[in-house]
file upload.cif (mmCIF, C-alpha atoms)
data_structure
#
loop_
_atom_site.label_atom_id
_atom_site.label_comp_id
_atom_site.auth_asym_id
_atom_site.auth_seq_id
_atom_site.Cartn_x
_atom_site.Cartn_y
_atom_site.Cartn_z
CA MET A 1 -52.36 11.59 140.74
CA GLU A 2 -56.14 11.20 140.94
CA PHE A 3 -58.21 14.39 141.14
CA ARG A 4 -61.59 12.71 141.53
CA THR A 5 -63.20 9.93 143.51
CA THR A 6 -64.36 7.13 141.24
CA ILE A 7 -67.34 5.14 142.49
CA ARG A 8 -66.89 1.41 142.14
CA THR A 9 -70.23 -0.27 141.57
CA SER A 10 -71.03 -3.91 142.24
CA ASP A 11 -70.57 -6.34 139.37
CA HIS A 12 -74.04 -7.50 138.39
CA GLN A 13 -73.55 -7.78 134.65
CA GLN A 14 -75.84 -10.79 134.39
CA TRP A 15 -78.78 -8.98 136.01
CA LEU A 16 -80.08 -7.31 132.87
CA ARG A 17 -80.34 -8.20 129.21
CA HIS A 18 -81.52 -5.94 126.43
CA SER A 19 -84.45 -8.30 125.84
CA ASP A 20 -85.68 -8.02 129.45
CA GLU A 21 -88.82 -6.26 130.61
CA LEU A 22 -88.50 -3.70 133.40
CA MET A 23 -90.59 -1.46 135.59
CA MET A 24 -89.33 1.82 137.06
CA LEU A 25 -90.91 3.26 140.20
CA GLY A 26 -90.00 6.30 142.23
CA SER A 27 -88.72 9.84 141.95
CA CYS A 28 -88.16 11.77 138.73
CA PHE A 29 -84.75 10.10 138.49
CA SER A 30 -86.77 7.00 137.49
CA ASP A 31 -88.22 9.07 134.66
CA ASN A 32 -84.70 10.08 133.57
CA ILE A 33 -83.29 6.56 133.41
CA GLY A 34 -86.61 5.23 132.11
CA SER A 35 -86.32 7.63 129.20
CA LYS A 36 -82.84 6.26 128.46
CA LEU A 37 -84.20 2.71 128.52
CA ARG A 38 -86.96 3.66 126.10
CA THR A 39 -84.47 5.27 123.73
CA ALA A 40 -82.55 1.99 123.94
CA MET A 41 -85.77 0.28 122.77
CA MET A 42 -86.29 -1.69 125.96
CA LEU A 43 -89.73 -2.77 127.11
CA VAL A 44 -90.07 -0.65 130.25
CA ASP A 45 -93.04 0.67 132.22
CA VAL A 46 -92.04 3.96 133.86
CA ASN A 47 -93.88 5.25 136.93
CA PRO A 48 -97.39 3.95 136.22
CA PHE A 49 -98.72 6.08 139.12
CA GLY A 50 -96.63 9.08 138.15
CA THR A 51 -93.67 10.35 140.12
CA LEU A 52 -93.43 8.91 143.65
CA TYR A 53 -90.96 10.19 146.21
CA ASN A 54 -91.32 8.49 149.59
CA PRO A 55 -90.85 4.75 150.26
CA LEU A 56 -94.23 4.28 151.95
CA SER A 57 -96.11 5.52 148.89
CA ILE A 58 -93.93 3.39 146.62
CA ALA A 59 -94.63 0.30 148.73
CA ALA A 60 -98.37 1.08 148.66
CA ALA A 61 -98.24 1.47 144.87
CA VAL A 62 -96.54 -1.91 144.49
CA GLU A 63 -99.19 -3.52 146.69
CA ARG A 64 -101.98 -2.07 144.56
CA ILE A 65 -100.27 -3.19 141.35
CA VAL A 66 -99.70 -6.72 142.65
CA GLU A 67 -103.33 -7.01 143.79
CA ASN A 68 -104.58 -5.29 140.63
CA ARG A 69 -106.79 -3.33 143.03
CA PRO A 70 -108.71 -0.54 141.26
CA ILE A 71 -109.33 2.96 142.51
CA ALA A 72 -112.89 3.52 143.78
CA GLY A 73 -114.96 6.65 143.43
CA MET A 74 -114.55 7.35 147.14
CA ASP A 75 -110.77 7.54 146.62
CA LEU A 76 -111.14 10.65 144.46
CA PHE A 77 -111.61 14.26 145.56
CA GLN A 78 -112.06 17.54 143.74
CA GLN A 79 -109.39 20.22 143.86
CA SER A 80 -108.72 23.06 141.43
CA GLY A 81 -111.54 21.95 139.16
CA VAL A 82 -110.32 18.39 138.59
CA TRP A 83 -110.65 14.99 140.25
CA ASN A 84 -107.55 13.76 142.03
CA CYS A 85 -106.31 10.73 143.94
CA PHE A 86 -103.68 11.00 146.67
CA ASP A 87 -102.00 7.85 145.29
CA PHE A 88 -101.57 9.24 141.76
CA HIS A 89 -99.69 12.10 140.19
CA SER A 90 -101.72 15.07 138.99
CA ARG A 91 -101.10 14.17 135.35
CA TYR A 92 -103.93 11.65 135.75
CA SER A 93 -106.37 14.24 137.11
CA MET A 94 -109.28 15.23 134.88
CA ALA A 95 -112.43 17.32 135.10
CA ASP A 96 -114.66 14.25 134.60
CA LYS A 97 -114.75 11.85 137.55
CA GLU A 98 -115.56 8.69 135.60
CA ALA A 99 -112.91 9.46 133.00
CA THR A 100 -110.36 9.93 135.79
CA LEU A 101 -111.30 6.59 137.35
CA GLN A 102 -111.07 4.80 134.04
CA ARG A 103 -107.72 6.35 133.25
CA MET A 104 -106.21 5.39 136.61
CA ASN A 105 -107.65 1.87 136.69
CA LYS A 106 -106.56 1.15 133.14
CA ARG A 107 -103.04 2.12 134.20
CA ILE A 108 -103.17 -0.14 137.26
CA ALA A 109 -104.27 -3.12 135.16
CA ALA A 110 -101.53 -2.51 132.59
CA ALA A 111 -98.90 -2.20 135.34
CA HIS A 112 -100.11 -5.45 136.96
CA GLU A 113 -99.67 -7.32 133.68
CA HIS A 114 -96.29 -5.74 132.96
CA LEU A 115 -94.85 -6.36 136.43
CA GLN A 116 -95.92 -9.98 136.29
CA SER A 117 -93.74 -10.55 133.21
CA SER A 118 -90.86 -8.25 134.20
CA GLN A 119 -87.40 -9.49 135.06
CA VAL A 120 -86.30 -6.37 136.96
CA LEU A 121 -87.96 -3.67 139.07
CA VAL A 122 -85.94 -0.48 139.65
CA VAL A 123 -87.04 1.51 142.71
CA THR A 124 -85.69 5.03 143.22
CA LEU A 125 -86.27 6.41 146.71
CA GLY A 126 -86.39 10.21 146.81
CA THR A 127 -87.03 11.28 150.39
CA ALA A 128 -87.81 9.88 153.82
CA ILE A 129 -90.16 12.82 154.48
CA VAL A 130 -93.87 12.06 154.15
CA TYR A 131 -97.09 14.05 154.28
CA LYS A 132 -99.95 12.51 156.25
CA LEU A 133 -103.54 13.66 155.81
CA ARG A 134 -104.57 14.86 159.24
CA ALA A 135 -108.17 13.74 158.81
CA THR A 136 -107.29 10.08 158.13
CA GLY A 137 -103.58 9.57 158.79
CA GLN A 138 -103.10 8.48 155.18
CA VAL A 139 -99.62 8.97 153.72
CA VAL A 140 -100.11 10.74 150.40
CA ALA A 141 -97.98 10.39 147.30
CA ASN A 142 -99.02 13.80 145.98
CA CYS A 143 -100.62 16.71 147.83
CA HIS A 144 -102.39 18.10 144.71
CA LYS A 145 -102.12 21.66 146.07
CA VAL A 146 -104.46 20.85 148.96
CA PRO A 147 -103.86 23.48 151.71
CA GLN A 148 -100.80 22.58 153.75
CA HIS A 149 -102.57 22.79 157.10
CA GLN A 150 -104.46 19.62 156.18
CA PHE A 151 -101.23 17.60 156.31
CA GLU A 152 -98.76 16.57 158.96
CA ARG A 153 -95.20 16.57 157.65
CA THR A 154 -92.79 14.11 159.25
CA MET A 155 -89.65 12.12 158.56
CA VAL A 156 -90.28 8.39 158.65
CA HIS A 157 -88.16 6.33 161.03
CA VAL A 158 -85.78 3.90 159.32
CA GLY A 159 -87.53 0.99 161.07
CA ASP A 160 -90.86 1.89 159.50
CA ILE A 161 -89.24 2.16 156.07
CA THR A 162 -87.52 -1.21 156.36
CA ALA A 163 -90.78 -2.81 157.50
CA ALA A 164 -92.67 -1.38 154.52
CA LEU A 165 -89.98 -2.33 151.99
CA SER A 166 -89.56 -5.80 153.47
CA GLN A 167 -93.28 -6.44 153.17
CA MET A 168 -93.20 -5.09 149.62
CA LEU A 169 -90.37 -7.44 148.60
CA LYS A 170 -92.12 -10.44 150.14
CA ARG A 171 -95.27 -9.64 148.17
CA LEU A 172 -93.22 -9.32 145.00
CA LYS A 173 -91.50 -12.64 145.67
CA SER A 174 -94.86 -14.39 145.76
CA PHE A 175 -96.20 -12.47 142.76
CA ASN A 176 -93.16 -12.83 140.49
CA PRO A 177 -90.61 -15.25 142.03
CA SER A 178 -87.87 -14.53 139.46
CA LEU A 179 -88.07 -10.74 139.79
CA ARG A 180 -84.87 -8.90 140.71
CA VAL A 181 -85.06 -5.52 142.45
CA ILE A 182 -82.58 -2.69 142.03
CA PHE A 183 -82.80 0.08 144.62
CA THR A 184 -81.25 3.48 144.19
CA VAL A 185 -81.41 6.71 146.18
CA SER A 186 -82.24 9.69 144.02
CA PRO A 187 -79.38 12.17 143.50
CA ILE A 188 -81.93 14.99 143.33
CA ARG A 189 -81.54 17.25 146.35
CA HIS A 190 -84.58 18.19 148.44
CA ILE A 191 -83.30 21.49 149.82
CA ALA A 192 -86.52 23.31 150.79
CA ASP A 193 -85.97 22.29 154.43
CA GLY A 194 -82.22 22.73 154.35
CA LEU A 195 -79.26 20.59 153.34
CA ASP A 196 -79.01 19.10 156.84
CA THR A 197 -82.53 17.66 156.54
CA ASN A 198 -81.77 16.45 153.02
CA SER A 199 -78.65 14.65 154.26
CA LEU A 200 -80.55 12.97 157.09
CA SER A 201 -83.32 11.94 154.71
CA LYS A 202 -80.93 10.40 152.16
CA ALA A 203 -78.97 8.61 154.90
CA THR A 204 -82.19 7.14 156.29
CA LEU A 205 -83.10 5.77 152.86
CA ARG A 206 -79.61 4.35 152.35
CA VAL A 207 -79.69 2.50 155.67
CA ALA A 208 -83.11 1.04 154.82
CA VAL A 209 -81.85 -0.22 151.45
CA ASN A 210 -78.83 -1.79 153.10
CA GLU A 211 -81.15 -3.72 155.41
CA MET A 212 -83.05 -5.01 152.37
CA MET A 213 -79.80 -6.24 150.84
CA ARG A 214 -79.02 -8.13 154.04
CA GLU A 215 -82.48 -9.72 154.12
CA PHE A 216 -83.07 -10.56 150.43
CA ASP A 217 -80.75 -12.17 147.89
CA ASN A 218 -82.56 -10.69 144.86
CA VAL A 219 -81.83 -7.07 145.81
CA SER A 220 -79.06 -4.81 144.50
CA TYR A 221 -78.12 -1.19 145.15
CA PHE A 222 -77.02 1.20 142.40
CA PRO A 223 -75.19 4.24 143.86
CA ALA A 224 -76.68 7.05 141.77
CA PHE A 225 -76.66 9.37 144.79
CA GLU A 226 -72.99 8.66 145.52
CA ILE A 227 -71.99 9.05 141.87
CA MET A 228 -73.61 12.49 141.77
CA THR A 229 -72.35 13.79 145.10
CA ASP A 230 -68.90 12.15 145.33
CA ASP A 231 -67.78 11.39 141.79
CA LEU A 232 -69.19 14.33 139.83
CA ARG A 233 -69.40 16.70 142.86
CA ASP A 234 -69.43 19.91 140.83
CA TYR A 235 -72.23 22.41 140.17
CA ARG A 236 -71.54 22.21 136.44
CA PHE A 237 -73.19 18.78 136.59
CA TYR A 238 -76.44 20.26 137.94
CA ALA A 239 -79.26 21.87 136.02
CA ALA A 240 -79.94 25.59 136.42
CA ASP A 241 -81.95 24.99 139.62
CA MET A 242 -78.85 23.50 141.31
CA VAL A 243 -81.05 20.61 142.44
CA HIS A 244 -81.56 18.27 139.49
CA PRO A 245 -78.74 16.54 137.59
CA SER A 246 -77.85 18.03 134.22
CA GLU A 247 -78.22 16.08 130.98
CA VAL A 248 -74.48 15.39 131.07
CA ALA A 249 -74.76 13.95 134.59
CA ILE A 250 -77.77 11.82 133.66
CA GLU A 251 -75.90 10.43 130.65
CA TYR A 252 -72.85 9.66 132.82
CA ILE A 253 -74.97 7.85 135.41
CA TRP A 254 -76.77 5.98 132.62
CA GLN A 255 -73.41 4.77 131.30
CA MET A 256 -72.47 3.62 134.81
CA PHE A 257 -75.80 1.81 135.11
CA GLN A 258 -75.13 -0.02 131.85
CA ALA A 259 -71.63 -1.03 132.95
CA THR A 260 -73.01 -2.38 136.22
CA TYR A 261 -75.98 -4.45 135.07
CA PHE A 262 -75.77 -5.22 131.33
CA ASP A 263 -73.58 -7.82 129.65
CA ASP A 264 -71.44 -6.84 126.67
CA ARG A 265 -73.89 -8.10 124.07
CA SER A 266 -76.70 -6.05 125.60
CA THR A 267 -74.50 -2.95 125.75
CA GLN A 268 -73.81 -3.32 122.04
CA ALA A 269 -77.54 -3.74 121.35
CA ILE A 270 -78.30 -0.61 123.38
CA ALA A 271 -75.81 1.47 121.41
CA ARG A 272 -77.26 0.19 118.14
CA CYS A 273 -80.85 0.87 119.20
CA GLU A 274 -80.00 4.35 120.48
CA ARG A 275 -78.65 5.28 117.07
CA VAL A 276 -81.77 3.95 115.35
CA SER A 277 -84.03 5.74 117.86
CA LYS A 278 -82.35 9.04 117.09
CA ARG A 279 -82.77 8.42 113.38
CA MET A 280 -86.46 7.58 113.85
CA SER A 281 -87.07 10.76 115.84
CA HIS A 282 -85.31 12.92 113.23
CA ARG A 283 -87.48 14.92 110.86
CA PRO A 284 -85.72 15.94 107.62
CA MET A 285 -85.72 19.68 106.96
CA SER A 286 -85.53 19.36 103.19
CA GLN A 287 -88.41 20.72 101.11
CA ASN A 288 -87.59 18.19 98.40
CA ALA A 289 -90.26 15.49 98.58
CA GLU A 290 -88.00 12.94 96.93
CA VAL A 291 -85.27 13.50 99.52
CA VAL A 292 -87.77 13.18 102.38
CA GLN A 293 -89.27 9.99 100.96
CA ARG A 294 -85.82 8.49 100.47
CA PHE A 295 -84.91 9.29 104.10
CA TYR A 296 -88.01 7.55 105.44
CA ALA A 297 -87.52 4.58 103.11
CA ASP A 298 -83.92 4.20 104.31
CA THR A 299 -85.05 4.52 107.93
CA ARG A 300 -87.66 1.78 107.46
CA LEU A 301 -84.96 -0.45 105.98
CA VAL A 302 -82.67 0.26 108.95
CA LEU A 303 -85.51 -0.62 111.32
CA GLN A 304 -86.34 -3.82 109.44
CA ASN A 305 -82.72 -4.94 109.68
CA LEU A 306 -82.71 -4.12 113.39
CA LEU A 307 -85.84 -6.25 113.95
CA LYS A 308 -84.22 -9.14 112.11
CA GLU A 309 -81.18 -8.94 114.36
CA TYR A 310 -83.20 -8.47 117.56
CA PRO A 311 -86.60 -10.14 116.94
CA TYR A 312 -87.81 -9.49 120.51
CA LEU A 313 -88.10 -5.79 119.57
CA LYS A 314 -91.28 -6.64 117.66
CA LYS A 315 -93.10 -6.47 121.00
CA LEU A 316 -92.53 -2.71 120.98
CA GLU A 317 -94.57 -2.30 117.76
CA LEU A 318 -92.05 0.22 116.43
CA ASP A 319 -93.10 2.50 113.60
CA ILE A 320 -91.95 5.70 111.91
#
call {"tool": "encode", "arguments": {"input": "upload.cif", "output": "structure tokens"}}
result
Amino acid sequence: MEFRTTIRTSDHQQWLRHSDELMMLGSCFSDNIGSKLRTAMMLVDVNPFGTLYNPLSIAAAVERIVENRPIAGMDLFQQSGVWNCFDFHSRYSMADKEATLQRMNKRIAAAHEHLQSSQVLVVTLGTAIVYKLRATGQVVANCHKVPQHQFERTMVHVGDITAALSQMLKRLKSFNPSLRVIFTVSPIRHIADGLDTNSLSKATLRVAVNEMMREFDNVSYFPAFEIMTDDLRDYRFYAADMVHPSEVAIEYIWQMFQATYFDDRSTQAIARCERVSKRMSHRPMSQNAEVVQRFYADTRLVLQNLLKEYPYLKKLELDI
């Protein structure tokens, strides 16, 4: 007798190899899986604009990356003593305006170069709810603690989402013809407006992604949301806030992601690289200098052997 509902994912084992380059865009679930990819020593660019939640902001970010279009001074505004941009996360905000511009534009240029050589783009949609600046009608990616009365909050119609994502995928097809796109709906619950609104939002995103799969042959859907809500479906798999997945849940979903998109050789390489990554991040507690030096010497030897086996890892410029 089965006491759980197992999610059966599509078989796309040839979509990803350990040697591939990827870009992750979207909600903080992108950060979670992106962190796993980095630990696996994959060449991945994670959220170059910072965390993005709604599909319209994600589509706008992709357009800017493809065009390599820099931020202008007029795009910045001061709030809480720093310069911000509605298209970027607050982690890019600084007290100096020119430094903020340089930081953001350097990131755009790097993302443009990386996306051009990437084999896969993973897009995680978080919510269909957007905030529009009342003064201009601009959909913002981050409100930067600007007073709420300056925004209009609304749920985007599925037709508007599909139009934006369709245009995004067409631009990507011209920019990088061999690029494959994996969509996922974030399992993170947006409960501030109630679970009913969260359900409607997630359903809207899911319908939009399904339309993209019907229209484009280079699009796949990974059911992270369904795995969390229907397979795990227990509060013990949530963090203390009862909103975000726990570390155990993230690891489980990561294993499902591997099984869906990586071939066996890549899965073996990932496991090997994860072990080496953990060793490289370890700091010996011994006060014996000889023991410490021996540990680092052994680690360098392990890394050298890994680079011989997987020479493409040299692009990561690994060091200890």
call {"tool": "resolve_selection", "arguments": {"input": "upload.cif", "expression": "the PyMOL selection byres ((chain A and resi 259) around 12)", "output": "ChimeraX atom specification"}}
result
/A:8-17,222,252-258,260-268,270
call {"tool": "atom_distance", "arguments": {"input": "upload.cif", "atom1": "atom CA of Glu317 of chain A", "atom2": "atom CA of Lys36 of chain A"}}
result
18.0 Å
call {"tool": "resolve_selection", "arguments": {"input": "upload.cif", "expression": "the PyMOL selection byres ((chain A and resi 193-202) around 8)", "output": "list of chain:residue names"}}
result
A:Gly126, A:Thr127, A:Ala128, A:Ile129, A:Met155, A:Val185, A:Arg189, A:His190, A:Ile191, A:Ala192, A:Ala203, A:Thr204, A:Leu205, A:Arg206
call {"tool": "resolve_selection", "arguments": {"input": "upload.cif", "expression": "the PyMOL selection byres ((chain A and resi 85) around 12)", "output": "MDAnalysis selection string"}}
result
chainID A and resid 49:50 70:79 82:84 86:94 97 100:101 103:105 138:146
call {"tool": "closest_residue", "arguments": {"input": "upload.cif", "among": "A:Ala249, A:Arg272, A:Met212, A:Met285", "to": "Glu309 of chain A", "atoms": "all atoms listed in the file"}}
result
A:Arg272
call {"tool": "residues_around", "arguments": {"input": "upload.cif", "residues": "Leu43 of chain A", "least_positions_apart": "3", "cutoff": "7 Å", "atoms": "all atoms listed in the file", "output": "PDB file with C-alpha atoms, keeping the file's coordinate frame"}}
result
ATOM      1  CA  GLU A  21     -88.820  -6.260 130.610  1.00  0.00           C
ATOM      2  CA  LEU A  22     -88.500  -3.700 133.400  1.00  0.00           C
ATOM      3  CA  LEU A 316     -92.530  -2.710 120.980  1.00  0.00           C
TER       4      LEU A 316
END
call {"tool": "atom_distance", "arguments": {"input": "upload.cif", "atom1": "atom CA of Gly26 of chain A", "atom2": "atom CA of Thr51 of chain A"}}
result
5.9 Å
call {"tool": "residues_around", "arguments": {"input": "upload.cif", "residues": "Ser27 of chain A", "least_positions_apart": "3", "cutoff": "10 Å", "atoms": "all atoms listed in the file", "output": "number ranges by chain"}}
result
A: 24, 30-32, 47, 50-55, 58, 123-127, 185-188
call {"tool": "residues_around", "arguments": {"input": "upload.cif", "residues": "Val302 of chain A", "least_positions_apart": "6", "cutoff": "10 Å", "atoms": "only C-alpha atoms", "output": "list in words"}}
result
Val276, Arg279, Met280 and Tyr296 of chain A
call {"tool": "residues_around", "arguments": {"input": "upload.cif", "residues": "segment 113-119 of chain A", "least_positions_apart": "3", "cutoff": "9 Å", "atoms": "all atoms listed in the file", "output": "list of chain:residue names"}}
result
A:Trp15, A:Leu16, A:Asp20, A:Glu21, A:Leu22, A:Met23, A:Val44, A:Asp45, A:Ile65, A:Val66, A:Asn68, A:Ile108, A:Ala109, A:Ala110, A:Phe175, A:Asn176, A:Ser178, A:Leu179, A:Arg180, A:Val181
call {"tool": "atom_distance", "arguments": {"input": "upload.cif", "atom1": "atom CA of Ser166 of chain A", "atom2": "atom CA of Ala59 of chain A"}}
result
9.2 Å
call {"tool": "axis_aligned_box", "arguments": {"input": "upload.cif", "around": "segment 23-38 of chain A", "padding_each_side": "5 Å", "output": "lines of an AutoDock Vina configuration file"}}
result
center_x = -86.9
center_y = 5.2
center_z = 134.2
size_x = 18.1
size_y = 23.2
size_z = 26.1
